[in-house]
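Student: The structure file coords_23.cif (mmCIF, C-alpha atoms) is provided below.
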data_protein
loop_
_atom_site.label_atom_id
_atom_site.label_comp_id
_atom_site.auth_asym_id
_atom_site.auth_seq_id
_atom_site.Cartn_x
_atom_site.Cartn_y
_atom_site.Cartn_z
CA MET A 577 83.24 -52.19 33.65
CA LEU A 578 83.45 -53.33 30.05
CA PRO A 579 85.05 -56.73 29.41
CA ARG A 580 88.67 -56.57 28.24
CA HIS A 581 89.75 -59.43 26.03
CA GLU A 582 93.30 -60.76 25.97
CA LEU A 583 95.00 -62.30 22.95
CA GLU A 584 93.75 -65.89 23.11
CA VAL A 585 93.21 -67.76 19.86
CA PRO A 586 92.74 -71.36 18.69
CA GLU A 587 95.79 -73.23 17.42
CA ALA A 588 98.14 -70.52 18.67
CA ALA A 589 101.51 -70.36 16.93
CA PRO A 590 104.78 -69.23 18.56
CA VAL A 591 104.30 -65.70 17.19
CA PRO A 592 102.38 -62.79 18.80
CA LEU A 593 99.60 -62.78 16.22
CA ALA A 594 96.83 -64.88 14.72
CA VAL A 595 95.00 -64.67 11.42
CA GLY A 596 92.04 -66.50 9.93
CA GLY A 597 88.39 -66.23 8.96
CA PHE A 598 85.44 -65.30 11.15
CA ALA A 599 84.45 -68.96 11.56
CA TRP A 600 87.98 -69.94 12.64
CA PHE A 601 88.03 -67.34 15.40
CA GLY A 602 84.53 -68.26 16.56
CA ALA A 603 81.79 -66.20 18.18
CA MET A 604 84.12 -63.62 19.73
CA ALA A 605 85.10 -62.35 16.28
CA GLN A 606 81.45 -61.31 15.83
CA ALA A 607 80.68 -60.18 19.39
CA ASP A 608 77.51 -58.08 19.52
CA PHE A 609 78.21 -56.54 22.93
CA PRO A 610 80.59 -53.62 23.65
CA HIS A 611 84.04 -54.78 24.73
CA ARG A 612 87.69 -53.75 24.65
CA HIS A 613 90.86 -55.50 23.53
CA ALA A 614 94.35 -55.67 24.96
CA PHE A 615 95.55 -56.14 21.35
CA TYR A 616 95.15 -54.76 17.83
CA GLU A 617 92.58 -56.09 15.38
CA ILE A 618 92.44 -55.58 11.63
CA VAL A 619 89.41 -56.89 9.75
CA LEU A 620 89.13 -57.13 5.98
CA LEU A 621 85.40 -57.49 5.40
CA THR A 622 84.38 -59.02 2.08
CA ALA A 623 80.71 -59.72 2.81
CA GLY A 624 78.10 -58.97 5.43
CA THR A 625 75.31 -56.65 6.53
CA GLY A 626 74.76 -54.66 9.69
CA ALA A 627 77.17 -52.24 11.31
CA HIS A 628 80.49 -52.12 13.16
CA VAL A 629 80.45 -49.74 16.13
CA ILE A 630 83.87 -48.39 17.18
CA ASP A 631 84.02 -45.91 20.08
CA LEU A 632 80.28 -45.27 19.63
CA ALA A 633 80.75 -44.26 15.97
CA GLU A 634 78.61 -46.56 13.83
CA TYR A 635 79.97 -47.68 10.46
CA PRO A 636 77.43 -49.39 8.16
CA LEU A 637 78.83 -52.53 6.55
CA ARG A 638 79.48 -51.85 2.87
CA PRO A 639 82.04 -54.45 1.77
CA PRO A 640 84.78 -54.46 0.83
CA GLN A 641 85.99 -52.55 3.89
CA VAL A 642 88.92 -52.62 6.27
CA PHE A 643 88.49 -51.92 9.98
CA VAL A 644 91.25 -51.14 12.49
CA VAL A 645 90.66 -51.43 16.25
CA VAL A 646 93.48 -50.59 18.66
CA PRO A 647 93.96 -51.60 22.32
CA GLY A 648 91.56 -49.84 24.66
CA GLN A 649 88.96 -48.96 22.06
CA VAL A 650 85.38 -50.10 22.60
CA HIS A 651 83.70 -51.87 19.71
CA HIS A 652 81.04 -54.38 18.74
CA TRP A 653 79.09 -55.64 15.71
CA ARG A 654 75.44 -54.55 15.50
CA GLU A 655 72.83 -56.70 13.77
CA ALA A 656 75.61 -58.28 11.73
CA ARG A 657 74.72 -61.07 9.33
CA GLY A 658 76.78 -63.12 6.88
CA LEU A 659 80.18 -61.74 7.90
CA ALA A 660 83.04 -62.97 5.72
CA GLY A 661 86.64 -61.97 5.26
CA ARG A 662 89.87 -62.10 7.25
CA VAL A 663 90.50 -61.26 10.89
CA LEU A 664 94.00 -60.46 12.15
CA VAL A 665 94.84 -59.93 15.82
CA PHE A 666 98.26 -59.14 17.26
CA GLY A 667 100.01 -57.60 20.23
CA ASP A 668 102.74 -54.98 20.55
CA ASP A 669 105.36 -57.74 20.43
CA ALA A 670 104.49 -58.28 16.76
CA LEU A 671 105.63 -54.71 16.04
CA LEU A 672 109.10 -54.89 17.59
CA GLY A 673 110.81 -55.18 14.21
CA TYR A 674 108.94 -52.14 12.86
CA PRO A 675 108.34 -49.80 15.83
CA GLY A 676 106.96 -47.02 13.62
CA ASP A 677 103.96 -49.20 12.78
CA ARG A 678 102.42 -48.54 16.19
CA GLY A 679 102.05 -44.86 15.32
CA LEU A 680 100.47 -45.75 11.98
CA LEU A 681 97.93 -47.96 13.73
CA LEU A 682 97.04 -45.35 16.34
CA ALA A 683 96.53 -42.77 13.58
CA ALA A 684 94.65 -45.14 11.25
CA ALA A 685 91.11 -44.49 10.09
CA PRO A 686 88.86 -46.96 11.96
CA ALA A 687 86.89 -47.82 8.82
CA VAL A 688 87.76 -47.49 5.14
CA ARG A 689 85.66 -48.57 2.19
CA LEU A 690 87.87 -50.15 -0.46
CA ARG A 691 87.98 -50.20 -4.21
CA ALA A 692 87.95 -53.72 -5.66
CA ARG A 693 91.64 -53.52 -6.62
CA ASP A 694 92.68 -52.38 -3.14
CA ALA A 695 90.58 -55.09 -1.53
CA ARG A 696 92.34 -57.71 -3.68
CA ASP A 697 95.75 -56.37 -2.64
CA LEU A 698 94.91 -56.63 1.06
CA GLN A 699 93.29 -60.02 0.50
CA ASN A 700 96.49 -61.30 -1.11
CA ILE A 701 98.62 -60.11 1.83
CA LEU A 702 96.27 -61.63 4.38
CA GLY A 703 96.00 -64.82 2.33
CA ALA A 704 99.78 -65.16 2.43
CA MET A 705 99.68 -64.60 6.19
CA VAL A 706 97.02 -67.28 6.61
CA ARG A 707 99.17 -69.79 4.72
CA GLU A 708 102.30 -68.93 6.70
CA TYR A 709 100.37 -69.17 9.96
CA ALA A 710 98.65 -72.45 9.09
CA ASP A 711 101.54 -74.28 7.41
CA ARG A 712 104.39 -72.82 9.50
CA PRO A 713 107.17 -73.41 6.97
CA ALA A 714 110.79 -72.67 7.79
CA GLY A 715 111.26 -69.00 8.60
CA PHE A 716 107.57 -68.21 9.09
CA GLU A 717 108.38 -66.45 12.38
CA SER A 718 110.14 -63.68 10.44
CA VAL A 719 107.89 -63.72 7.37
CA LEU A 720 104.70 -63.04 9.34
CA PRO A 721 105.92 -59.79 10.99
CA ALA A 722 107.23 -58.62 7.60
CA LEU A 723 103.85 -59.25 5.96
CA LEU A 724 102.15 -57.53 8.90
CA HIS A 725 104.32 -54.47 8.30
CA VAL A 726 103.34 -54.37 4.62
CA LEU A 727 99.66 -54.72 5.55
CA ILE A 728 99.79 -51.89 8.10
CA VAL A 729 101.53 -49.51 5.69
CA ARG A 730 99.13 -50.35 2.85
CA ALA A 731 96.07 -49.93 5.11
CA HIS A 732 97.41 -46.61 6.37
CA ARG A 733 97.85 -45.32 2.81
CA LEU A 734 94.29 -46.31 1.95
CA GLY A 735 92.99 -44.52 5.03
CA GLU A 736 94.88 -41.35 4.11
CA ARG A 737 93.53 -41.43 0.57
CA ASN A 738 90.00 -42.03 1.83
CA GLU A 739 90.31 -39.04 4.20
CA GLN A 740 91.66 -36.79 1.44
CA THR A 741 88.84 -37.82 -0.91
CA GLY A 742 86.27 -37.06 1.77
CA ARG A 743 87.89 -33.70 2.55
CA GLY A 744 87.84 -32.77 -1.14
CA ALA A 745 84.15 -33.52 -1.38
CA ASP A 746 83.49 -31.46 1.74
CA LEU A 747 85.45 -28.52 0.35
CA ALA A 748 83.58 -28.66 -2.97
CA ALA A 749 80.25 -28.69 -1.17
CA GLY A 750 81.43 -25.86 1.07
CA PHE A 751 82.45 -23.77 -1.94
CA ALA A 752 79.00 -24.15 -3.44
CA ARG A 753 77.49 -22.95 -0.17
CA LEU A 754 79.86 -19.99 -0.14
CA LEU A 755 78.69 -18.84 -3.55
CA ALA A 756 75.13 -18.74 -2.27
CA GLY A 757 75.79 -17.48 1.23
CA GLY A 758 77.84 -14.29 0.98
CA ALA A 759 80.70 -12.92 3.05
CA ASP A 760 79.26 -13.78 6.46
CA GLN A 761 78.92 -17.40 5.47
CA ILE A 762 82.50 -17.35 4.15
CA ASN A 763 83.84 -16.23 7.52
CA ARG A 764 81.80 -18.78 9.41
CA THR A 765 82.83 -21.60 7.08
CA ILE A 766 86.52 -20.75 7.29
CA LYS A 767 86.38 -20.83 11.08
CA THR A 768 84.39 -24.09 11.09
CA ASN A 769 86.70 -25.89 8.66
CA LYS A 770 90.01 -24.66 10.08
CA PRO A 771 92.25 -27.75 10.36
CA SER A 772 92.78 -29.05 13.84
CA VAL A 773 96.28 -29.79 15.10
CA ALA A 774 95.19 -32.86 17.03
CA GLY A 775 92.88 -35.49 15.55
CA THR A 776 90.87 -38.34 17.00
CA ARG A 777 89.71 -41.68 15.62
CA GLY A 778 86.06 -40.76 15.34
CA GLY A 779 83.44 -39.41 17.73
CA TRP A 780 83.80 -40.52 21.31
CA VAL A 781 87.37 -41.31 22.37
CA SER A 782 88.03 -44.26 24.62
CA ALA A 783 90.74 -44.65 27.22
CA PRO A 784 94.24 -43.66 25.98
CA HIS A 785 95.68 -46.24 23.64
CA GLY A 786 99.15 -46.06 25.18
#
Translate this file's structure into structure tokens.
Tutor:
Amino acid sequence: MLPRHELEVPEAAPVPLAVGGFAWFGAMAQADFPHRHAFYEIVLLTAGTGAHVIDLAEYPLRPPQVFVVVPGQVHHWREARGLAGRVLVFGDDALLGYPGDRGLLLAAAPAVRLRARDARDLQNILGAMVREYADRPAGFESVLPALLHVLIVRAHRLGERNEQTGRGADLAAGFARLLAGGADQINRTIKTNKPSVAGTRGGWVSAPHG
């Protein structure tokens, strides 16, 4: 049985989330053994080498990147060195004000490589969350879920764009193969690349997220 981690963080605030750097969260934020969460985790990686394994799909670290891990998924860091960035963990209670965000998270790409501009945008949102969480000014209990909502929507858009870019490259490569392969290859390629109605978050699928 794989270990299942609950939402326990240092200096917990009276909100169902926590945000900080890898060092602030400690060793568990860089766990090198497979484990599951009872909560969501979003990581904005700005530096580091190695790989992040999510549901047995291995994603080489090529910062800047954003990773999304949902409850029930199995993940770990492999041969990771020099990890830097922001780590955000939160439970379903943090989504009560924006219930549609749960669907966005469950449909999110597990790993997205970012352009510098997009990385700065996410860094600014997470930086604001870190300040709200650490300083706890008046009204921070409502500001943090609002910033979380913005982050989730932005990350989802980036994942969609990344998927579309990858699909376009695949189609272009497929077209080149078609020109060289003839009618039989055309038929086989059409069948192989027919869109699927139901998608998954990578290779092996863990226990249902719900």
Student: Hey, what's within 6 Å of Ala627 in chain A if we count only C-alpha atoms and toss same-chain stuff fewer than 3 positions away? As an NGL selection string, please?
Tutor: :A and (635-637 or 653-654)
Student: Next, dump the selected residues to file, keeping only C-alpha atoms, as a compact mmCIF listing (two decimals), in the coordinates of the input.
Tutor:
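File again_19.txt, as written:
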# COMPACT_ATOMS: atom_id res chain seq x y z
CA TYR A 635 79.97 -47.68 10.46
CA PRO A 636 77.43 -49.39 8.16
CA LEU A 637 78.83 -52.53 6.55
CA TRP A 653 79.09 -55.64 15.71
CA ARG A 654 75.44 -54.55 15.50
Student: How far is it from CA of Val645 in chain A to CA of Leu664 in chain A, in Å with one decimal?
Tutor: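 Separation between CA of Val645 in chain A and CA of Leu664 in chain A: 10.5 Å.
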Student: Starting from the displayed file, determine the output of the PyMOL selection byres ((chain A and resi 599) around 12) and express the residue list as number ranges by chain.
Tutor: A: 586, 595-598, 600-606, 658-663
Student: Check the smallest atom-to-atom distance from each of A:Asp668, A:Asp677, A:Asp697, A:Glu736 to Val591 in chain A using all atoms listed in the file, then report the winner.
Tutor: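 Going through A:Asp668, A:Asp677, A:Asp697, A:Glu736 one by one, the smallest distance to Val591 in chain A is for A:Asp668.
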Student: Between A:Gly703, A:Pro647, A:Pro721, A:Gly676, which residue has the minimum interatomic distance to Glu617 in chain A, considering only C-alpha atoms?
Tutor: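 The shortest atom-to-atom distance to Glu617 in chain A comes from A:Pro647.
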Student: I need the residue nearest Val644 in chain A from this list: A:Leu681, A:Leu632, A:Ser718, A:Glu708. Use all atoms listed in the file for the distance.
Tutor: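 For Val644 in chain A, the nearest of the candidates is A:Leu681.
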Student: When you draw a straight line from CA of Pro640 in chain A to CA of Ala684 in chain A, how long is it in Å?
Tutor: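 That distance, rounded to one decimal, is 17.1 Å.
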Student: Looking at only C-alpha atoms, which of A:Tyr616, A:Val650, A:Ala704, A:Asn738 is the one that sits closest to Val726 in chain A?
Tutor: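 Counting only C-alpha atoms, the residue closest to Val726 in chain A is A:Ala704.
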Student: Identify the residues around (103.3, -50.6, 8.2) within a radius of 12 Å, measuring from all atoms listed in the file in the coordinates stated by the file, and give them as a list in words.
Tutor: Ala670, Leu671, Leu672, Gly673, Tyr674, Pro675, Gly676, Asp677, Arg678, Gly679, Leu680, Leu681, Leu682, Ala683, Ala684, Pro721, Ala722, Leu723, Leu724, His725, Val726, Leu727, Ile728, Val729, Arg730, Ala731, His732, Arg733 and Leu734 of chain A
Student: At what distance in Å, to one decimal, does CA of His651 in chain A lie from CA of Arg612 in chain A?
Tutor: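 Computing the Euclidean distance for CA of Arg612 in chain A and CA of His651 in chain A yields 6.6 Å.
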Student: Pull out every residue that the PyMOL selection byres ((chain A and resi 685-689) around 6) matches in the shown coordinates and put them as number ranges by chain.
Tutor: A: 641-644, 684, 690, 735
